[in-house]
Structure formats: C-alpha cells, structure tokens
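Chemist: Questions regarding the structure given below will be posed in turn.
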Amino acid sequence: MTRNEILLAGLAAGGENATYTPVQVQKLFFLLDKEAAAALGGPFFNFVPYDYGPFDQAVYAGLDDLARNGLALVQSTGRYRVYGLTQAGHQEGQRLLSVARPSARAYLSNVAGWVRSLSFQQLVAAIYSRYPEMKANSVFRE
C-alpha cells in the first residue's frame, strides 16, 4: 500500500460515515505503523513525540491531498478539523481493505473503532501507557 492508500483504508475501516478528530487520526495511523506495519507494507509515517503524543504532519497533508482529489472530507468545526471520507473515498478504502490480508483487515477495523470509542483524555493516556517514549514533549496532564 501507499501512504494515501493506508489513509483511505484506515478511515474506511471505521465504517461508511465514520469521522475522526485530529487526535484520533494521529493515533490511528501511529498504531497502524507500530503494530501492523509489516502486514500493511509500512511504516508509512515518521511519528515524533509532540504536545499530545505521537504526531506526523504528513497524516494531515495526506488527508488534505485526498480531499483535493474528492476522496476525503476535511471539515472545520471552528475549534479543530474533523476528517472522514466521501462516498468515492469510502468505496476505494473498502476496495483496498478487501484485498488486504484478513488479519490486517480485522486489525484495521478494531483499531479504527477503538480510537473512536475513547475520549480525548482516554486515548492520549492509553497511548502514553503503551508507548511512554511518546510523552517526551507532552503538554497533556492526566
């Protein structure tokens, strides 16, 4: 998979109308790079410790690129952006998921659901618990 393909597959794994906050997309693709890189042909990103844990600007750049090509939705809520897929993006993401190994497909689905099920605080704390090195530049206080 390419970087844009993993972005499509990762977001599509959450379901047809799934949306993601900035912290959710960052942590989703961080976990995919850390836990499933070999199965997916990655790693795709270069995450570094940042204010709220692992961060790579390339996640946002890739999503913006997909939005320019009519595959992703990037909506501003005033406070932050919300990310999702257009119908065409979801269809392409589902196609990519369909050709992935079943174990990789299951992992993508589980992680996409997991990051969306937690509050901001719960998600950041869970990442720090498993990857304490990502706390290095944190401003987050539990």
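A note on labels: chains of the structure tokens are A, B, ... as shown, every chain counts residues from 1, and ligands are counted from 1 in their shown order.
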Within 7 Å of stretch 24-26 of chain A, counting only C-alpha atoms, which residues show up once you throw out same-chain ones fewer than 6 positions away? Write them as a list in words, please.

Modeler: Pro54, Phe55, Val59, Val115 and Arg116 of chain A

Chemist: Print the selection's residues with all heavy atoms to a file, as a PDB file, in the first residue's frame.

Modeler:
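Ended up saving to again27.pdb:
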ATOM      1  N   PRO A  54       2.229  10.961  19.874  1.00  0.00           N
ATOM      2  CA  PRO A  54       2.788  10.779  18.532  1.00  0.00           C
ATOM      3  C   PRO A  54       2.085  11.650  17.501  1.00  0.00           C
ATOM      4  O   PRO A  54       0.862  11.710  17.459  1.00  0.00           O
ATOM      5  CB  PRO A  54       2.579   9.296  18.242  1.00  0.00           C
ATOM      6  CG  PRO A  54       1.617   8.804  19.256  1.00  0.00           C
ATOM      7  CD  PRO A  54       1.662   9.730  20.413  1.00  0.00           C
ATOM      8  N   PHE A  55       2.917  12.304  16.672  1.00  0.00           N
ATOM      9  CA  PHE A  55       2.396  13.237  15.678  1.00  0.00           C
ATOM     10  C   PHE A  55       3.257  13.181  14.431  1.00  0.00           C
ATOM     11  O   PHE A  55       4.486  13.111  14.516  1.00  0.00           O
ATOM     12  CB  PHE A  55       2.415  14.660  16.255  1.00  0.00           C
ATOM     13  CG  PHE A  55       2.001  15.719  15.267  1.00  0.00           C
ATOM     14  CD1 PHE A  55       0.665  15.974  15.036  1.00  0.00           C
ATOM     15  CD2 PHE A  55       2.960  16.435  14.567  1.00  0.00           C
ATOM     16  CE1 PHE A  55       0.282  16.943  14.124  1.00  0.00           C
ATOM     17  CE2 PHE A  55       2.589  17.406  13.648  1.00  0.00           C
ATOM     18  CZ  PHE A  55       1.242  17.664  13.426  1.00  0.00           C
ATOM     19  N   VAL A  59       0.288  13.025   8.069  1.00  0.00           N
ATOM     20  CA  VAL A  59      -1.080  12.493   8.152  1.00  0.00           C
ATOM     21  C   VAL A  59      -2.051  13.548   7.641  1.00  0.00           C
ATOM     22  O   VAL A  59      -2.894  13.276   6.780  1.00  0.00           O
ATOM     23  CB  VAL A  59      -1.432  12.058   9.595  1.00  0.00           C
ATOM     24  CG1 VAL A  59      -2.906  11.683   9.713  1.00  0.00           C
ATOM     25  CG2 VAL A  59      -0.541  10.906  10.046  1.00  0.00           C
ATOM     26  N   VAL A 115     -10.058   3.758  18.526  1.00  0.00           N
ATOM     27  CA  VAL A 115      -9.670   5.165  18.687  1.00  0.00           C
ATOM     28  C   VAL A 115     -10.896   6.070  18.726  1.00  0.00           C
ATOM     29  O   VAL A 115     -10.894   7.099  19.397  1.00  0.00           O
ATOM     30  CB  VAL A 115      -8.661   5.671  17.621  1.00  0.00           C
ATOM     31  CG1 VAL A 115      -7.373   4.878  17.666  1.00  0.00           C
ATOM     32  CG2 VAL A 115      -9.243   5.709  16.227  1.00  0.00           C
ATOM     33  N   ARG A 116     -11.956   5.684  18.033  1.00  0.00           N
ATOM     34  CA  ARG A 116     -13.174   6.497  18.008  1.00  0.00           C
ATOM     35  C   ARG A 116     -14.039   6.285  19.248  1.00  0.00           C
ATOM     36  O   ARG A 116     -14.914   7.091  19.539  1.00  0.00           O
ATOM     37  CB  ARG A 116     -13.960   6.211  16.734  1.00  0.00           C
ATOM     38  CG  ARG A 116     -13.219   6.743  15.496  1.00  0.00           C
ATOM     39  CD  ARG A 116     -13.873   6.421  14.163  1.00  0.00           C
ATOM     40  NE  ARG A 116     -15.242   6.854  14.116  1.00  0.00           N
ATOM     41  CZ  ARG A 116     -16.291   6.012  14.047  1.00  0.00           C
ATOM     42  NH1 ARG A 116     -16.090   4.714  13.984  1.00  0.00           N
ATOM     43  NH2 ARG A 116     -17.512   6.475  14.004  1.00  0.00           N
TER      44      ARG A 116
END

Chemist: Please, which residues of chain A, numbered as in this document, come out strand (DSSP E) from DSSP, as an MDAnalysis selection string?

Modeler: chainID A and resid 48:50 53:55 72:76 81:85

Chemist: Point out the residue among A:Arg81, A:Asn69, A:Gly53, A:Pro22 with the least atom-to-atom distance to A:Ser129, counting only C-alpha atoms.

Modeler: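 Selected residue with least distance to A:Ser129: A:Gly53.
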
Chemist: Which residue gives the smallest distance to A:Leu63 among A:Ala104, A:Leu97, A:Leu11, A:Ala18, with only C-alpha atoms counted?

Modeler: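 Closest to A:Leu63, using only C-alpha atoms: A:Leu11.
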
Chemist: Using only C-alpha atoms, can you tell me which of A:Glu92, A:Glu35, A:Asp65, A:Glu133 comes closest to A:Leu108?

Modeler: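 Of the candidates, the smallest distance to A:Leu108 is held by A:Glu35.
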
Chemist: Name the closest residue to A:Tyr80 among the candidates A:Ala112, A:Ile6, A:Gly42, A:Tyr20; distances are taken between atoms, counting only C-alpha atoms.

Modeler: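 Looking only at the distances to A:Tyr80, the closest residue turns out to be A:Tyr20.
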
Chemist: Would you please work out which residue, of A:Asn17, A:Ala88, A:Arg105, A:Arg95, is nearest to A:Ala36 when using only C-alpha atoms?

Modeler: A:Arg105

Chemist: Could you tell me which of A:Thr19, A:Glu5, A:Pro49, A:Ile127 comes closest to A:Leu96 if we count only C-alpha atoms?

Modeler: A:Glu5

Chemist: Need the shell around A:Asn46: protein/DNA/RNA residues with any atom at most 9 Å away, counting only C-alpha atoms. Skip same-chain ones fewer than 5 positions apart. Format as a list in words?

Modeler: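 What passes the distance filter is Phe30, Asp33, Phe55, Asp56, Gln57 and Ala58 of chain A.
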
Chemist: Can you work out the spacing between atom CA of A:Leu71 and atom CA of A:Ala38 in Å, to one decimal?

Modeler: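 A separation of 25.5 Å between them.
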
Chemist: Just asking: which residues within stretch 62-137 of chain A are alpha helix (DSSP H) according to DSSP, as a ChimeraX atom specification?

Modeler: /A:62-68,87-99,102-117,120-130

Chemist: One decimal, Å: what's the distance from atom CA of A:Ala67 over to atom CA of A:Thr2, could you say?

Modeler: 16.3 Å

Chemist: Compile the contact shell of A:Val111 as a VMD selection string: residues with an atom at most 10 Å away, counting only C-alpha atoms, same-chain residues fewer than 6 positions apart removed.

Modeler: chain A and resid 10 13 to 14 27 to 29 31 to 32 117

Chemist: Create the file for the chosen residues now, containing C-alpha atoms and written as an mmCIF file, in the first residue's frame.

Modeler:
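As written to disk, result-v8.cif reads:
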data_model
loop_
_atom_site.group_PDB
_atom_site.id
_atom_site.type_symbol
_atom_site.label_atom_id
_atom_site.label_comp_id
_atom_site.auth_asym_id
_atom_site.auth_seq_id
_atom_site.Cartn_x
_atom_site.Cartn_y
_atom_site.Cartn_z
ATOM 1 C CA GLY A 10 -7.687 3.218 7.747
ATOM 2 C CA ALA A 13 -12.247 0.628 8.349
ATOM 3 C CA GLY A 14 -14.291 2.745 10.750
ATOM 4 C CA LYS A 27 -3.239 7.827 16.952
ATOM 5 C CA LEU A 28 -4.929 5.543 14.389
ATOM 6 C CA PHE A 29 -2.058 5.831 11.931
ATOM 7 C CA LEU A 31 -0.855 2.406 15.891
ATOM 8 C CA LEU A 32 -1.022 1.042 12.354
ATOM 9 C CA SER A 117 -14.637 4.899 21.159
#

Chemist: Between atom CA of A:Gly62 and atom CA of A:Ser76, what is the distance in Å, rounded to a tenth?

Modeler: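 Here the two named atoms are 16.6 Å from each other.
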